[in-house]
Amino acid sequence: MSEPEVTAFQDRVYGALSRIPRGCVTTYARLGQSIGCNSARAVGQALRRNPFAPRVPCHRVIAADLSLGGFSGQREGAALDRKLALLVSEGVVFSEGRLVDPTRLITPPVARCR
DNA sequence: GAGTCATTCGTTG
DNA sequence: CAACGAATGACTC
């Protein structure tokens, strides 16, 4: 073990993600905006590294088009199957690989200054 | 509906 | 300091 030295950005991503209640999901773009970043890619990268997994519920983050997005560093394959299982386990139902209830999409508060 | 393109940000060596 | 890569997003045909 070792404690990964996460930079401020990663800390923000994990912090915002950590404030997401169970049964709720958010998108990379929204999460990025919540932490003050305009790029969903930057958020995805931080999650992809996920030095705090499974501590960080990265499976609660999906793409803007309600698609699963990616998981475990893979955009498709069994990894998504795991992500889907986790989401379904939380009460978030998906259909055809897409979120069935977009109402579960939440907008994380702007984690500006705690 | 599908595919392609563009942009931005963070990370690392 | 510089270069590369990325779990996206949006647009167009």
# chains A, B, ... in the order shown; residues from 1 in each chain; ligands from 1
>>> interface_residues(of="chain A", to="chain B", cutoff="12 Å", atoms="only C-alpha atoms (C1' of nucleotides)", output="ChimeraX atom specification")
/A:6-10,29,32,36-49
>>> interface_residues(of="chain C", to="chain A", cutoff="10 Å", atoms="only C-alpha atoms (C1' of nucleotides)", output="list in words")
DG5, DA6, DA7, DT8 and DG9 of chain C
>>> write_last_selection(atoms="N, CA, C and O atoms (P, O5', C5', C4', C3', O3' and C1' of nucleotides)", output="mmCIF file, in the first residue's frame")
data_model
loop_
_atom_site.group_PDB
_atom_site.id
_atom_site.type_symbol
_atom_site.label_atom_id
_atom_site.label_comp_id
_atom_site.auth_asym_id
_atom_site.auth_seq_id
_atom_site.Cartn_x
_atom_site.Cartn_y
_atom_site.Cartn_z
ATOM 1 P P DG C 5 0.298 8.791 -28.208
ATOM 2 O "O5'" DG C 5 -0.773 8.749 -27.003
ATOM 3 C "C5'" DG C 5 -0.381 8.319 -25.701
ATOM 4 C "C4'" DG C 5 -1.552 8.461 -24.705
ATOM 5 C "C3'" DG C 5 -2.834 7.858 -25.276
ATOM 6 O "O3'" DG C 5 -3.364 6.863 -24.386
ATOM 7 C "C1'" DG C 5 -3.174 10.142 -24.580
ATOM 8 P P DA C 6 -4.723 6.191 -24.774
ATOM 9 O "O5'" DA C 6 -5.827 7.119 -24.046
ATOM 10 C "C5'" DA C 6 -5.775 7.291 -22.645
ATOM 11 C "C4'" DA C 6 -7.043 8.014 -22.130
ATOM 12 C "C3'" DA C 6 -8.289 7.591 -22.906
ATOM 13 O "O3'" DA C 6 -9.276 7.033 -22.030
ATOM 14 C "C1'" DA C 6 -8.019 10.003 -22.937
ATOM 15 P P DA C 7 -9.480 5.656 -21.922
ATOM 16 O "O5'" DA C 7 -10.975 5.400 -21.401
ATOM 17 C "C5'" DA C 7 -12.028 5.144 -22.317
ATOM 18 C "C4'" DA C 7 -13.274 5.875 -21.819
ATOM 19 C "C3'" DA C 7 -12.991 7.325 -21.525
ATOM 20 O "O3'" DA C 7 -13.846 8.185 -22.256
ATOM 21 C "C1'" DA C 7 -13.884 6.241 -19.597
ATOM 22 P P DT C 8 -14.910 8.227 -23.245
ATOM 23 O "O5'" DT C 8 -15.623 9.679 -23.159
ATOM 24 C "C5'" DT C 8 -15.538 10.396 -21.931
ATOM 25 C "C4'" DT C 8 -16.182 11.761 -22.133
ATOM 26 C "C3'" DT C 8 -17.639 11.662 -22.550
ATOM 27 O "O3'" DT C 8 -18.432 12.618 -21.872
ATOM 28 C "C1'" DT C 8 -16.375 12.735 -24.275
ATOM 29 P P DG C 9 -19.888 12.955 -22.357
ATOM 30 O "O5'" DG C 9 -19.691 14.060 -23.501
ATOM 31 C "C5'" DG C 9 -18.982 15.271 -23.219
ATOM 32 C "C4'" DG C 9 -19.220 16.299 -24.327
ATOM 33 C "C3'" DG C 9 -20.667 16.264 -24.792
ATOM 34 O "O3'" DG C 9 -21.223 17.581 -24.804
ATOM 35 C "C1'" DG C 9 -19.174 15.765 -26.626
#
>>> atom_distance(atom1="CA of Glu90 (chain A)", atom2="CA of Cys24 (chain A)")
8.2 Å
>>> atom_distance(atom1="CA of Phe94 (chain A)", atom2="CA of Val56 (chain A)")
20.7 Å
>>> decode(residues="chain B", atoms="N, CA, C and O atoms (P, O5', C5', C4', C3', O3' and C1' of nucleotides)", output="mmCIF file, in the first residue's frame")
data_model
loop_
_atom_site.group_PDB
_atom_site.id
_atom_site.type_symbol
_atom_site.label_atom_id
_atom_site.label_comp_id
_atom_site.auth_asym_id
_atom_site.auth_seq_id
_atom_site.Cartn_x
_atom_site.Cartn_y
_atom_site.Cartn_z
ATOM 1 P P DG B 1 -33.187 6.756 -33.750
ATOM 2 O "O5'" DG B 1 -32.088 6.371 -34.839
ATOM 3 C "C5'" DG B 1 -32.263 5.160 -35.607
ATOM 4 C "C4'" DG B 1 -30.927 4.778 -36.254
ATOM 5 C "C3'" DG B 1 -29.821 4.667 -35.220
ATOM 6 O "O3'" DG B 1 -29.078 3.469 -35.433
ATOM 7 C "C1'" DG B 1 -29.272 6.396 -36.817
ATOM 8 P P DA B 2 -27.738 3.154 -34.640
ATOM 9 O "O5'" DA B 2 -26.611 3.779 -35.618
ATOM 10 C "C5'" DA B 2 -26.676 3.564 -37.031
ATOM 11 C "C4'" DA B 2 -25.413 4.103 -37.733
ATOM 12 C "C3'" DA B 2 -24.175 3.886 -36.868
ATOM 13 O "O3'" DA B 2 -23.168 3.181 -37.598
ATOM 14 C "C1'" DA B 2 -24.439 6.233 -37.399
ATOM 15 P P DG B 3 -21.646 3.047 -37.018
ATOM 16 O "O5'" DG B 3 -20.905 4.368 -37.583
ATOM 17 C "C5'" DG B 3 -21.052 4.726 -38.971
ATOM 18 C "C4'" DG B 3 -20.180 5.943 -39.309
ATOM 19 C "C3'" DG B 3 -18.790 5.833 -38.678
ATOM 20 O "O3'" DG B 3 -17.756 6.046 -39.656
ATOM 21 C "C1'" DG B 3 -19.883 7.871 -37.965
ATOM 22 P P DT B 4 -16.233 6.251 -39.237
ATOM 23 O "O5'" DT B 4 -16.134 7.848 -39.109
ATOM 24 C "C5'" DT B 4 -16.763 8.686 -40.087
ATOM 25 C "C4'" DT B 4 -16.485 10.165 -39.819
ATOM 26 C "C3'" DT B 4 -15.044 10.386 -39.362
ATOM 27 O "O3'" DT B 4 -14.376 11.363 -40.176
ATOM 28 C "C1'" DT B 4 -16.590 11.328 -37.761
ATOM 29 P P DC B 5 -12.924 11.882 -39.818
ATOM 30 O "O5'" DC B 5 -13.269 13.172 -38.898
ATOM 31 C "C5'" DC B 5 -14.155 14.202 -39.370
ATOM 32 C "C4'" DC B 5 -14.199 15.395 -38.400
ATOM 33 C "C3'" DC B 5 -12.804 15.798 -37.929
ATOM 34 O "O3'" DC B 5 -12.583 17.189 -38.161
ATOM 35 C "C1'" DC B 5 -14.240 15.339 -36.046
ATOM 36 P P DA B 6 -11.232 17.926 -37.700
ATOM 37 O "O5'" DA B 6 -11.721 18.514 -36.276
ATOM 38 C "C5'" DA B 6 -12.949 19.231 -36.179
ATOM 39 C "C4'" DA B 6 -13.120 19.839 -34.783
ATOM 40 C "C3'" DA B 6 -11.776 20.313 -34.247
ATOM 41 O "O3'" DA B 6 -11.822 21.688 -33.854
ATOM 42 C "C1'" DA B 6 -12.777 18.716 -32.742
ATOM 43 P P DT B 7 -10.537 22.352 -33.172
ATOM 44 O "O5'" DT B 7 -10.893 22.166 -31.613
ATOM 45 C "C5'" DT B 7 -12.220 22.361 -31.145
ATOM 46 C "C4'" DT B 7 -12.289 22.294 -29.619
ATOM 47 C "C3'" DT B 7 -10.998 22.768 -28.961
ATOM 48 O "O3'" DT B 7 -11.248 23.847 -28.059
ATOM 49 C "C1'" DT B 7 -11.541 20.529 -28.219
ATOM 50 P P DT B 8 -10.016 24.494 -27.244
ATOM 51 O "O5'" DT B 8 -10.076 23.565 -25.929
ATOM 52 C "C5'" DT B 8 -11.329 23.303 -25.303
ATOM 53 C "C4'" DT B 8 -11.153 22.459 -24.042
ATOM 54 C "C3'" DT B 8 -9.937 22.901 -23.237
ATOM 55 O "O3'" DT B 8 -10.271 23.184 -21.885
ATOM 56 C "C1'" DT B 8 -9.781 20.545 -23.752
ATOM 57 P P DC B 9 -9.061 23.517 -20.845
ATOM 58 O "O5'" DC B 9 -8.697 22.010 -20.359
ATOM 59 C "C5'" DC B 9 -9.697 21.212 -19.699
ATOM 60 C "C4'" DC B 9 -9.043 20.142 -18.827
ATOM 61 C "C3'" DC B 9 -7.823 20.683 -18.101
ATOM 62 O "O3'" DC B 9 -7.897 20.393 -16.720
ATOM 63 C "C1'" DC B 9 -7.187 18.844 -19.540
ATOM 64 P P DG B 10 -6.621 20.392 -15.783
ATOM 65 O "O5'" DG B 10 -6.066 18.898 -15.941
ATOM 66 C "C5'" DG B 10 -6.950 17.795 -15.707
ATOM 67 C "C4'" DG B 10 -6.183 16.483 -15.650
ATOM 68 C "C3'" DG B 10 -4.928 16.613 -14.796
ATOM 69 O "O3'" DG B 10 -4.796 15.522 -13.905
ATOM 70 C "C1'" DG B 10 -4.329 16.043 -17.062
ATOM 71 P P DT B 11 -3.470 15.327 -13.073
ATOM 72 O "O5'" DT B 11 -2.610 14.365 -14.037
ATOM 73 C "C5'" DT B 11 -3.237 13.242 -14.673
ATOM 74 C "C4'" DT B 11 -2.193 12.366 -15.366
ATOM 75 C "C3'" DT B 11 -0.886 12.326 -14.579
ATOM 76 O "O3'" DT B 11 -0.480 10.996 -14.302
ATOM 77 C "C1'" DT B 11 -0.483 13.102 -16.833
ATOM 78 P P DT B 12 0.862 10.731 -13.505
ATOM 79 O "O5'" DT B 12 1.918 10.644 -14.713
ATOM 80 C "C5'" DT B 12 1.613 9.850 -15.882
ATOM 81 C "C4'" DT B 12 2.797 9.836 -16.844
ATOM 82 C "C3'" DT B 12 4.111 9.696 -16.088
ATOM 83 O "O3'" DT B 12 4.849 8.581 -16.571
ATOM 84 C "C1'" DT B 12 4.149 11.680 -17.476
ATOM 85 P P DG B 13 6.344 8.281 -16.031
ATOM 86 O "O5'" DG B 13 7.248 9.033 -17.134
ATOM 87 C "C5'" DG B 13 6.946 8.898 -18.529
ATOM 88 C "C4'" DG B 13 8.114 9.410 -19.363
ATOM 89 C "C3'" DG B 13 9.459 9.099 -18.722
ATOM 90 O "O3'" DG B 13 10.352 8.445 -19.646
ATOM 91 C "C1'" DG B 13 9.214 11.485 -19.007
#
